[in-house]
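Novice: Below is a structure I'd like to ask you about.
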Amino acid sequence: MSKKYQQIVSTRYHIYNSLFLNLPFKDVQRVGTLLPLLGQACEQGFANNKSPHDIINDFFSHYAEDANSDNRFKMLFQFIQYIERQVVLFDSLEEAAFEQLTDLNGNGTITALLAQAAATDAMDLLKEKLKTFHVRLVLTAHPTQFYPGAVLGIIKDLEDASRNNDVDEINLLLQQLAKTAFFKREKPSPLDEAISLCWYLEFVFYPSVSAIIEQLAQGLDIASVDFENPQLVQIGFWPGGDRDGNPFVTHETTLHVAQRLRETILRCYYRDLRILKRRLSFKEIDVLIADAEQKIYQSLYGGTQPYTSAFDFEQQLLRVRDGLICDHDGLFLDLLDKLLLKVRIFGFHFASLDIRQDSSKHHQLWQQLIPLLHQQGLSMSPSAFDQLSDAQQLEELLNLAFDPMALGIEDPMLLELLNTFVAINSVQRSNGEAGCHRYIISHCGSTLQMIEVFKLAQLLVSNLEQLPLDIIPLFESIEDLSEAHQVMATLYANPVYRQHLATRGDKQTIMLGFSDGTKDGGYLCANWSIFRAKEELTRISREHGITAIFFDGRGGSPARGGGNTHDFYASLGETIENEEVQITIQGQTISSNYGKVESCRYNLEQLISAGVMNHVFAHQVHSFSVAEKQLMDDLAGLGHQAYLELKNHPQFVPYLEKQTPLVYFADSNIGSRPVKRNQDQALRFEELRAIPFVGAWAQMKQNIPGFYGVGSAIEQLANKGKLADLKQLYATSLFFRTLLGNSMMSLTKAYFPATAYIADDPEFGKLWQTMFNEFTLSKEKIITVSNMPSLMDDNRATRHSIKQREHIVLPLITMQQYALQQLRQDELNGKESEKEYRTLVLRCMFGIINAARNSA
């Protein structure tokens, strides 16, 4: 595969790279000639233990000796422009080669799943599982996507041109790329983020999801219209709904985004109806189709007779279907069924808006509500309420009956919180219940925090004694994960909440946060704690007759639960509920894994197959023995201990502030959400968002969250004679292989020579050395346990891609570290050219992130 990759991608990149000398940049010939020399200087300089400062200065001494300070900065920024566009070309070539490099009918695809089921006489089991199984992909707007929309469009066109080897078109597109800005001048609003993601819904997910179900229906010998579970793949949506730490998301934002989602899906239906109308020109059928077209148009743009719901639209299409079968021999029935399937999949909502808010906000609201209720004689006093036991407080809240909107709440933040619940009602009326039916509570650590939201929803969203809303706790910290099953057991035992779950199909969705879990407890501990939490939550839910649905909050990088996620789901045994696979997808991961129909289908199919395999082919699944669980407990505990020693180091947070580009994420204009939850405080580790935390380490090419503690943990167990047990576990457990495999990716993307100069820093030198030692140890020990000659030896194509990308951006890495080094010196010795160096750090950040693809 590696050789094939080199032929299809690397060689073509080097050929097309020569076209950059034609870019309409000033001094482009000089820049294009000097850039390879700079790359060579960086490689040789780091090999000789030079600092970035010395590498850049030596380069100028050799090749631009007469350049003054202004000209040096000018040349560095010209290099950045050039490299940014090289990364785009490389992205396009990889995308164009996707079908050649990926077996679209291989393991994990629908084709392979159907073939295996047929070969093992498991078709009935597969049919049964697919009746209830769901994959839910939740698109988030978290700031990890640095390409503006215009650049994404050029990437798509470059992909098409390179697939056809159209050199003239590639040259023209590179010319366009040269004149297109690579950074956003202003921060996007939440609505801007939603509109950007709507493009993927309209042009990628709309055709991809329906095509998957059509293939499954055909393989199972079922008409697509008779497929019992059109909601097999569901799309969730966080832009406009996720207000946790984002003051720019309001209830008006939620309503605007919901309207945009509705308009987008109606536009898709309208286009399909126009195409269908050209074929269904038969007597009476043509009238029905024309009427449907007009009603969709009026639903979209206004009119006197719009459809009031997707159900009404579906019923009219079914009337058309009956007419085709009865009177026209089913001519073009396949075209109609394709549209009918899409309506059943996407309704009038397209994607479901999730509402998310921090648990502390709801508690603040109740602290205001209870005094107001007491004044009106509707509740006990706040002091009396505070003296109640937890169980009594739950009972008191659940027995309250009042109109929260009539109490005169004046605090803008709390009033906005109440209006959010009102907005949920509005969205459900316009887009259907599926349009907004989930409320996620961040930093949930108690049953009371669940009931605080549940009661507000009862008062403001309930319809005819039923609450059409799922209340979802998000357990994130290691402590919260360990206590999650106790929180849910208390909740299940509450008769009022248990009755609510009965109306929701006896299902409880529970979200688990990989990002904050890793930030809190380190890579090993977070992943294993989530595994253990899922086991306990599954057990306690089953005891109460509840099916637990796990919603994984995963980021793009392995440190945040990204990487080869489908292997994690394929590795889960019977002790963890697998009724559904639910994950967040964000930023770069959306564009790189779901940015076009082919890759979107492939990755969705991988998730579907991973989720159903355990049920259909149960004999293939490894289950942890008692001894193996104890081994993993020990490994995670030792990894946690090593990570805590680093995290609690007095120089850890100062290192992040002074040595990494962390503070520059706030200036990047890539997302609407601030980098900290509380903007009024100085940087505290607890307030720091996981994305800038992981992203800062990725910029430094240190990737600490993705491996730290792994080497130390393995070494300590090996010293206790457990190395053979670890090797055996690696050979038998897909979960453990995936866990270490994703850590291998973090280690492969690391490049400590770029920051080796920090070893001589009087303030941070010892801390850098500690991190480097763990990097070296982790690399060595993972190779030993995996019994491979080198990291990622089982995935050479991906490794080659990483190495090629890192080679392209090595000058950016060097320039950024050079700027950080200068800013650090300025901080110690007085300011000089601070603005230019800060801008240099920021501009380098874009290219480094884009080249890494899943770095945050």
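Residue names in the structure tokens use chain letters A, B, ... in the order shown, residue numbers from 1 in each chain, and ligand numbers from 1 in the order shown.
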Using 10 Å as the limit and counting only C-alpha atoms, can you tabulate each residue of stretch 407-484 of chain A that touches stretch 358-361 of chain A, with its shortest atom-to-atom distance in Å and the two atoms involved, as a tab-separated table?
Specialist:
residue	atom	partner	partner_atom	distance
A:Met413	CA	A:Lys361	CA	8.6
A:Leu414	CA	A:Lys361	CA	7.7
A:Leu417	CA	A:Lys361	CA	8.0
A:Ile440	CA	A:Asp358	CA	8.4
A:Ile441	CA	A:Ser359	CA	5.6
A:Ser442	CA	A:Asp358	CA	4.5
A:His443	CA	A:Ser359	CA	6.0
A:Cys444	CA	A:Ser359	CA	5.9
A:Gly445	CA	A:Ser359	CA	8.6
A:Ser446	CA	A:Ser359	CA	9.5
A:Leu448	CA	A:Ser359	CA	9.9
A:Gln449	CA	A:Ser359	CA	6.2
A:Met450	CA	A:Ser359	CA	8.4
A:Glu452	CA	A:Ser359	CA	8.8
A:Val453	CA	A:Ser359	CA	8.5
A:Pro473	CA	A:Ser359	CA	9.2
A:Leu474	CA	A:Asp358	CA	9.4
Novice: Please list as a PyMOL selection string every residue within 6 Å of stretch 329-346 of chain A, counting only C-alpha atoms and excluding residues in the same chain fewer than 4 positions away.
Specialist: chain A and resi 230-231+324-325+350
Novice: Restricting the calculation to only C-alpha atoms, which member of A:Glu252, A:Asp470, A:Glu43, A:Glu834 is positioned closest to A:Arg504?
Specialist: A:Asp470
Novice: Atom CA of A:Leu400 and atom CA of A:Leu378, how far apart in Å?
Specialist: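 Pair atom CA of A:Leu378 / atom CA of A:Leu400 returns 7.5 Å.
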Novice: Select, from A:Val694, A:Leu35, A:Leu276, A:Ile590, the residue with the minimum atom-to-atom distance to A:Gln86, counting only C-alpha atoms.
Specialist: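 Distance minimum relative to A:Gln86 lands on A:Leu35.
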Novice: Using only C-alpha atoms, which residues sit within 10 Å of A:Gln702 once same-chain residues fewer than 4 positions away are excluded, as a list in words?
Specialist: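 My reading of the contact set: Val694, Ala696, Trp697, Ala698, Gly706, Phe707, Tyr708, Ser746, Leu747, Lys749, Ala750, Tyr751, Phe752, Pro753, Ala754, Thr755, Trp768, Met771, Phe772 and Phe775 of chain A.
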Novice: Take the residues from that selection and put them in a file with N, CA and C atoms, as a PDB file, in the first residue's frame.
Specialist:
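File selection02.pdb, as written:
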ATOM      1  N   VAL A 694      -5.446  20.600  23.432  1.00  0.00           N
ATOM      2  CA  VAL A 694      -4.848  19.584  22.569  1.00  0.00           C
ATOM      3  C   VAL A 694      -4.180  20.238  21.366  1.00  0.00           C
ATOM      4  N   ALA A 696      -2.753  23.145  21.111  1.00  0.00           N
ATOM      5  CA  ALA A 696      -1.481  23.796  21.453  1.00  0.00           C
ATOM      6  C   ALA A 696      -0.351  22.773  21.465  1.00  0.00           C
ATOM      7  N   TRP A 697      -0.606  21.594  22.022  1.00  0.00           N
ATOM      8  CA  TRP A 697       0.417  20.545  22.030  1.00  0.00           C
ATOM      9  C   TRP A 697       0.705  20.056  20.614  1.00  0.00           C
ATOM     10  N   ALA A 698      -0.324  20.037  19.768  1.00  0.00           N
ATOM     11  CA  ALA A 698      -0.111  19.620  18.374  1.00  0.00           C
ATOM     12  C   ALA A 698       0.759  20.630  17.639  1.00  0.00           C
ATOM     13  N   GLY A 706      -1.923  12.737  23.791  1.00  0.00           N
ATOM     14  CA  GLY A 706      -2.166  11.501  23.052  1.00  0.00           C
ATOM     15  C   GLY A 706      -1.308  10.323  23.454  1.00  0.00           C
ATOM     16  N   PHE A 707      -0.344  10.540  24.348  1.00  0.00           N
ATOM     17  CA  PHE A 707       0.502   9.399  24.732  1.00  0.00           C
ATOM     18  C   PHE A 707       1.030   9.477  26.162  1.00  0.00           C
ATOM     19  N   TYR A 708       0.975  10.641  26.799  1.00  0.00           N
ATOM     20  CA  TYR A 708       1.702  10.793  28.056  1.00  0.00           C
ATOM     21  C   TYR A 708       1.197   9.809  29.122  1.00  0.00           C
ATOM     22  N   SER A 746      -0.330   9.581  17.491  1.00  0.00           N
ATOM     23  CA  SER A 746       0.105  10.794  18.195  1.00  0.00           C
ATOM     24  C   SER A 746       1.629  10.861  18.262  1.00  0.00           C
ATOM     25  N   LEU A 747       2.254   9.733  18.539  1.00  0.00           N
ATOM     26  CA  LEU A 747       3.718   9.689  18.624  1.00  0.00           C
ATOM     27  C   LEU A 747       4.350   9.925  17.253  1.00  0.00           C
ATOM     28  N   LYS A 749       3.202  11.713  14.860  1.00  0.00           N
ATOM     29  CA  LYS A 749       3.064  13.120  14.485  1.00  0.00           C
ATOM     30  C   LYS A 749       3.911  14.049  15.350  1.00  0.00           C
ATOM     31  N   ALA A 750       4.497  13.519  16.397  1.00  0.00           N
ATOM     32  CA  ALA A 750       5.331  14.349  17.271  1.00  0.00           C
ATOM     33  C   ALA A 750       6.712  14.562  16.638  1.00  0.00           C
ATOM     34  N   TYR A 751       7.325  15.721  16.971  1.00  0.00           N
ATOM     35  CA  TYR A 751       8.669  16.030  16.468  1.00  0.00           C
ATOM     36  C   TYR A 751       9.368  16.902  17.504  1.00  0.00           C
ATOM     37  N   PHE A 752       9.965  16.248  18.476  1.00  0.00           N
ATOM     38  CA  PHE A 752      10.563  16.957  19.598  1.00  0.00           C
ATOM     39  C   PHE A 752      11.807  17.774  19.250  1.00  0.00           C
ATOM     40  N   PRO A 753      12.543  17.461  18.183  1.00  0.00           N
ATOM     41  CA  PRO A 753      13.684  18.321  17.856  1.00  0.00           C
ATOM     42  C   PRO A 753      13.306  19.791  17.662  1.00  0.00           C
ATOM     43  N   ALA A 754      12.057  20.050  17.241  1.00  0.00           N
ATOM     44  CA  ALA A 754      11.639  21.441  17.005  1.00  0.00           C
ATOM     45  C   ALA A 754      11.611  22.257  18.286  1.00  0.00           C
ATOM     46  N   THR A 755      11.447  21.599  19.423  1.00  0.00           N
ATOM     47  CA  THR A 755      11.361  22.320  20.700  1.00  0.00           C
ATOM     48  C   THR A 755      12.507  21.965  21.633  1.00  0.00           C
ATOM     49  N   TRP A 768      10.437  20.229  30.025  1.00  0.00           N
ATOM     50  CA  TRP A 768      10.563  19.733  28.653  1.00  0.00           C
ATOM     51  C   TRP A 768      11.256  18.380  28.647  1.00  0.00           C
ATOM     52  N   MET A 771       8.948  15.594  29.622  1.00  0.00           N
ATOM     53  CA  MET A 771       8.015  15.221  28.551  1.00  0.00           C
ATOM     54  C   MET A 771       8.738  14.453  27.443  1.00  0.00           C
ATOM     55  N   PHE A 772       9.942  14.869  27.113  1.00  0.00           N
ATOM     56  CA  PHE A 772      10.700  14.177  26.074  1.00  0.00           C
ATOM     57  C   PHE A 772      11.041  12.751  26.505  1.00  0.00           C
ATOM     58  N   PHE A 775       8.049  10.673  26.019  1.00  0.00           N
ATOM     59  CA  PHE A 775       7.864  10.419  24.589  1.00  0.00           C
ATOM     60  C   PHE A 775       8.756   9.264  24.135  1.00  0.00           C
TER      61      PHE A 775
END
Novice: Rounded to one decimal in Å, what is the spacing between atom CA of A:Asp160 and atom CA of A:Ile212?
Specialist: 23.2 Å
Novice: Hey, what does DSSP flag as helix (DSSP H, G or I) within stretch 451-610 of chain A? Can you give it to me as a PyMOL selection string?
Specialist: chain A and resi 451-460+478-492+495-503+514-521+523-543+558-560+565-570+587-593+597-610
Novice: Go through A:Asp27, A:Asp403, A:Asp354, A:Glu763 one by one, measure the shortest atom-to-atom distance of each to A:Phe237 using only C-alpha atoms, and give the residue with the smallest value.
Specialist: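 Comparing A:Asp27, A:Asp403, A:Asp354, A:Glu763 against A:Phe237, the winner is A:Asp354.
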Novice: Within stretch 145-364 of chain A, find each residue whose DSSP state, derived from the backbone, is strand (DSSP E), and express the selection as a compact mmCIF listing (two decimals) with all heavy atoms, in the first residue's frame.
Specialist:
# COMPACT_ATOMS: atom_id res chain seq x y z
N VAL A 233 -29.37 5.83 9.92
CA VAL A 233 -28.35 6.87 10.06
C VAL A 233 -29.06 8.19 10.36
O VAL A 233 -29.91 8.62 9.59
CB VAL A 233 -27.49 7.01 8.80
CG1 VAL A 233 -26.48 8.16 8.97
CG2 VAL A 233 -26.76 5.72 8.49
N GLN A 234 -28.70 8.78 11.49
CA GLN A 234 -29.29 10.05 11.89
C GLN A 234 -28.18 11.10 11.99
O GLN A 234 -27.06 10.78 12.38
CB GLN A 234 -29.99 9.91 13.25
CG GLN A 234 -31.06 8.84 13.28
CD GLN A 234 -31.52 8.51 14.70
OE1 GLN A 234 -30.80 8.76 15.67
NE2 GLN A 234 -32.71 7.94 14.81
N ILE A 235 -28.53 12.33 11.65
CA ILE A 235 -27.56 13.41 11.71
C ILE A 235 -27.97 14.37 12.82
O ILE A 235 -29.09 14.87 12.83
CB ILE A 235 -27.46 14.18 10.37
CG1 ILE A 235 -27.26 13.21 9.21
CG2 ILE A 235 -26.32 15.19 10.43
CD1 ILE A 235 -26.01 12.37 9.29
N GLY A 236 -27.05 14.58 13.76
CA GLY A 236 -27.26 15.59 14.80
C GLY A 236 -26.51 16.86 14.44
O GLY A 236 -25.64 16.88 13.57
N PHE A 237 -26.82 17.94 15.15
CA PHE A 237 -26.30 19.26 14.76
C PHE A 237 -26.12 20.11 16.01
O PHE A 237 -27.06 20.30 16.77
CB PHE A 237 -27.31 19.92 13.81
CG PHE A 237 -26.72 20.89 12.84
CD1 PHE A 237 -26.02 20.46 11.73
CD2 PHE A 237 -26.90 22.26 13.01
CE1 PHE A 237 -25.50 21.35 10.80
CE2 PHE A 237 -26.38 23.16 12.10
CZ PHE A 237 -25.68 22.71 10.99
N SER A 352 -30.97 16.98 13.54
CA SER A 352 -31.58 17.28 14.83
C SER A 352 -30.69 18.22 15.63
O SER A 352 -29.54 17.88 15.93
CB SER A 352 -31.80 15.99 15.63
OG SER A 352 -32.69 15.13 14.97
N LEU A 353 -31.21 19.36 15.98
CA LEU A 353 -30.48 20.31 16.82
C LEU A 353 -30.41 19.78 18.25
O LEU A 353 -31.43 19.49 18.86
CB LEU A 353 -31.18 21.66 16.82
CG LEU A 353 -30.72 22.70 15.81
CD1 LEU A 353 -31.69 23.89 15.82
CD2 LEU A 353 -29.33 23.18 16.11
N ASP A 354 -29.21 19.64 18.77
CA ASP A 354 -29.02 19.33 20.18
C ASP A 354 -28.84 20.63 20.96
O ASP A 354 -28.10 21.52 20.52
CB ASP A 354 -27.77 18.47 20.39
CG ASP A 354 -27.97 17.02 20.01
OD1 ASP A 354 -29.12 16.63 19.73
OD2 ASP A 354 -26.97 16.28 19.98
N ILE A 355 -29.48 20.73 22.10
CA ILE A 355 -29.25 21.84 23.01
C ILE A 355 -28.25 21.37 24.07
O ILE A 355 -28.38 20.27 24.61
CB ILE A 355 -30.55 22.30 23.71
CG1 ILE A 355 -31.62 22.63 22.66
CG2 ILE A 355 -30.28 23.49 24.62
CD1 ILE A 355 -31.27 23.78 21.74
N ARG A 356 -27.22 22.18 24.33
CA ARG A 356 -26.25 21.82 25.37
C ARG A 356 -25.96 23.04 26.23
O ARG A 356 -25.74 24.14 25.71
CB ARG A 356 -24.95 21.29 24.77
CG ARG A 356 -23.95 20.82 25.85
CD ARG A 356 -22.78 20.06 25.25
NE ARG A 356 -21.80 20.92 24.65
CZ ARG A 356 -20.49 20.90 24.92
NH1 ARG A 356 -20.01 20.04 25.81
NH2 ARG A 356 -19.65 21.69 24.30
N GLN A 357 -25.97 22.83 27.55
CA GLN A 357 -25.67 23.91 28.49
C GLN A 357 -24.99 23.32 29.72
O GLN A 357 -25.22 22.16 30.08
CB GLN A 357 -26.95 24.66 28.88
CG GLN A 357 -26.76 25.85 29.79
CD GLN A 357 -25.78 26.90 29.24
OE1 GLN A 357 -24.57 26.70 29.31
NE2 GLN A 357 -26.32 27.97 28.70
N ASP A 358 -24.17 24.13 30.36
CA ASP A 358 -23.44 23.70 31.55
C ASP A 358 -24.38 23.56 32.73
O ASP A 358 -25.28 24.38 32.93
CB ASP A 358 -22.33 24.70 31.87
CG ASP A 358 -21.38 24.18 32.92
OD1 ASP A 358 -20.40 23.52 32.57
OD2 ASP A 358 -21.64 24.44 34.11
Novice: Please provide the set of residues having any atom within 12 Å of A:Gln392, restricted to only C-alpha atoms, with same-chain residues fewer than 6 positions apart removed, written as a list of chain:residue names.
Specialist: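 The residues that qualify are A:Ala384, A:Phe385, A:Asp386, A:Leu398, A:Asn399, A:Thr447, A:Leu448, A:Asn494.
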Novice: Need to verify the contact set: A:Gln6, 9 Å, only C-alpha atoms, exclusion of same-chain residues closer than 5 positions in sequence. Can you return it as a list in words?
Specialist: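 My list of contacting residues is Met1, Thr11, Arg12, Ala797 and His800 of chain A.
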Novice: Name all residues at most 12 Å from A:Ile8 (count only C-alpha atoms; drop same-chain ones fewer than 2 positions away) and give them as a short mmCIF file (atom, residue, chain, number, x, y, z; two decimals) with N, CA and C atoms, in the first residue's frame.
Specialist:
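The file below, around.cif, is the result:
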data_model
loop_
_atom_site.label_atom_id
_atom_site.label_comp_id
_atom_site.auth_asym_id
_atom_site.auth_seq_id
_atom_site.Cartn_x
_atom_site.Cartn_y
_atom_site.Cartn_z
N MET A 1 0.83 -1.21 0.00
CA MET A 1 0.00 0.00 0.00
C MET A 1 0.86 1.26 0.00
N SER A 2 1.98 1.21 0.77
CA SER A 2 2.83 2.39 0.85
C SER A 2 3.40 2.74 -0.51
N LYS A 3 3.82 1.72 -1.29
CA LYS A 3 4.36 1.96 -2.63
C LYS A 3 3.29 2.53 -3.54
N LYS A 4 2.10 1.98 -3.45
CA LYS A 4 0.98 2.48 -4.26
C LYS A 4 0.67 3.92 -3.89
N TYR A 5 0.72 4.22 -2.59
CA TYR A 5 0.47 5.59 -2.14
C TYR A 5 1.50 6.54 -2.74
N GLN A 6 2.75 6.13 -2.73
CA GLN A 6 3.81 6.98 -3.27
C GLN A 6 3.60 7.25 -4.75
N SER A 10 2.29 10.85 -3.77
CA SER A 10 3.56 11.55 -3.57
C SER A 10 4.20 11.97 -4.90
N THR A 11 4.28 11.05 -5.84
CA THR A 11 4.92 11.38 -7.11
C THR A 11 4.17 12.48 -7.84
N ARG A 12 2.86 12.38 -7.86
CA ARG A 12 2.05 13.41 -8.53
C ARG A 12 2.18 14.75 -7.82
N TYR A 13 2.30 14.71 -6.50
CA TYR A 13 2.49 15.97 -5.76
C TYR A 13 3.78 16.66 -6.22
N HIS A 14 4.86 15.90 -6.33
CA HIS A 14 6.13 16.50 -6.74
C HIS A 14 6.06 17.03 -8.17
N ILE A 15 5.30 16.36 -9.01
CA ILE A 15 5.15 16.83 -10.40
C ILE A 15 4.37 18.14 -10.43
N PHE A 90 -1.70 18.97 -1.77
CA PHE A 90 -1.54 17.62 -1.23
C PHE A 90 -2.88 17.06 -0.76
N SER A 92 -5.80 17.80 -1.93
CA SER A 92 -6.60 17.50 -3.12
C SER A 92 -6.17 16.19 -3.76
N LEU A 93 -4.86 15.96 -3.83
CA LEU A 93 -4.37 14.73 -4.43
C LEU A 93 -4.75 13.52 -3.59
N GLU A 94 -4.71 13.64 -2.28
CA GLU A 94 -5.14 12.53 -1.42
C GLU A 94 -6.63 12.25 -1.59
N GLU A 95 -7.42 13.33 -1.65
CA GLU A 95 -8.86 13.14 -1.85
C GLU A 95 -9.13 12.47 -3.19
N ALA A 96 -8.43 12.90 -4.23
CA ALA A 96 -8.65 12.33 -5.56
C ALA A 96 -8.27 10.85 -5.60
N ALA A 97 -7.31 10.47 -4.76
CA ALA A 97 -6.83 9.08 -4.77
C ALA A 97 -7.61 8.19 -3.81
N PHE A 98 -8.62 8.73 -3.14
CA PHE A 98 -9.32 7.97 -2.10
C PHE A 98 -9.85 6.64 -2.62
N GLU A 99 -10.51 6.66 -3.77
CA GLU A 99 -11.10 5.44 -4.29
C GLU A 99 -10.04 4.42 -4.71
N GLN A 100 -8.86 4.90 -5.10
CA GLN A 100 -7.79 3.99 -5.51
C GLN A 100 -7.05 3.40 -4.30
N LEU A 101 -6.98 4.18 -3.24
CA LEU A 101 -6.23 3.74 -2.06
C LEU A 101 -7.11 2.99 -1.06
N SER A 162 -7.31 16.85 -10.67
CA SER A 162 -6.18 15.93 -10.52
C SER A 162 -6.59 14.50 -10.81
N ARG A 163 -7.84 14.16 -10.54
CA ARG A 163 -8.32 12.82 -10.87
C ARG A 163 -8.28 12.60 -12.39
N ASN A 165 -6.15 14.22 -14.31
CA ASN A 165 -4.81 14.63 -14.76
C ASN A 165 -4.86 15.84 -15.69
N ALA A 797 0.45 3.26 4.79
CA ALA A 797 -0.03 4.35 3.93
C ALA A 797 -0.32 5.60 4.75
N SER A 801 1.60 9.20 4.67
CA SER A 801 0.88 10.48 4.53
C SER A 801 1.32 11.45 5.62
#
Novice: Can you work out which one of A:Asp70, A:Asp390, A:Val87, A:Trp366 has the shortest atom-to-atom distance to A:Gln804, counting only C-alpha atoms?
Specialist: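 Nearest to A:Gln804: A:Val87.
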Novice: Using only C-alpha atoms for the distances, tell me which of A:Ile782, A:Met700, A:Ala194, A:Ala724 is nearest to A:Arg737.
Specialist: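 Among A:Ile782, A:Met700, A:Ala194, A:Ala724, it is A:Ile782 that comes nearest to A:Arg737.
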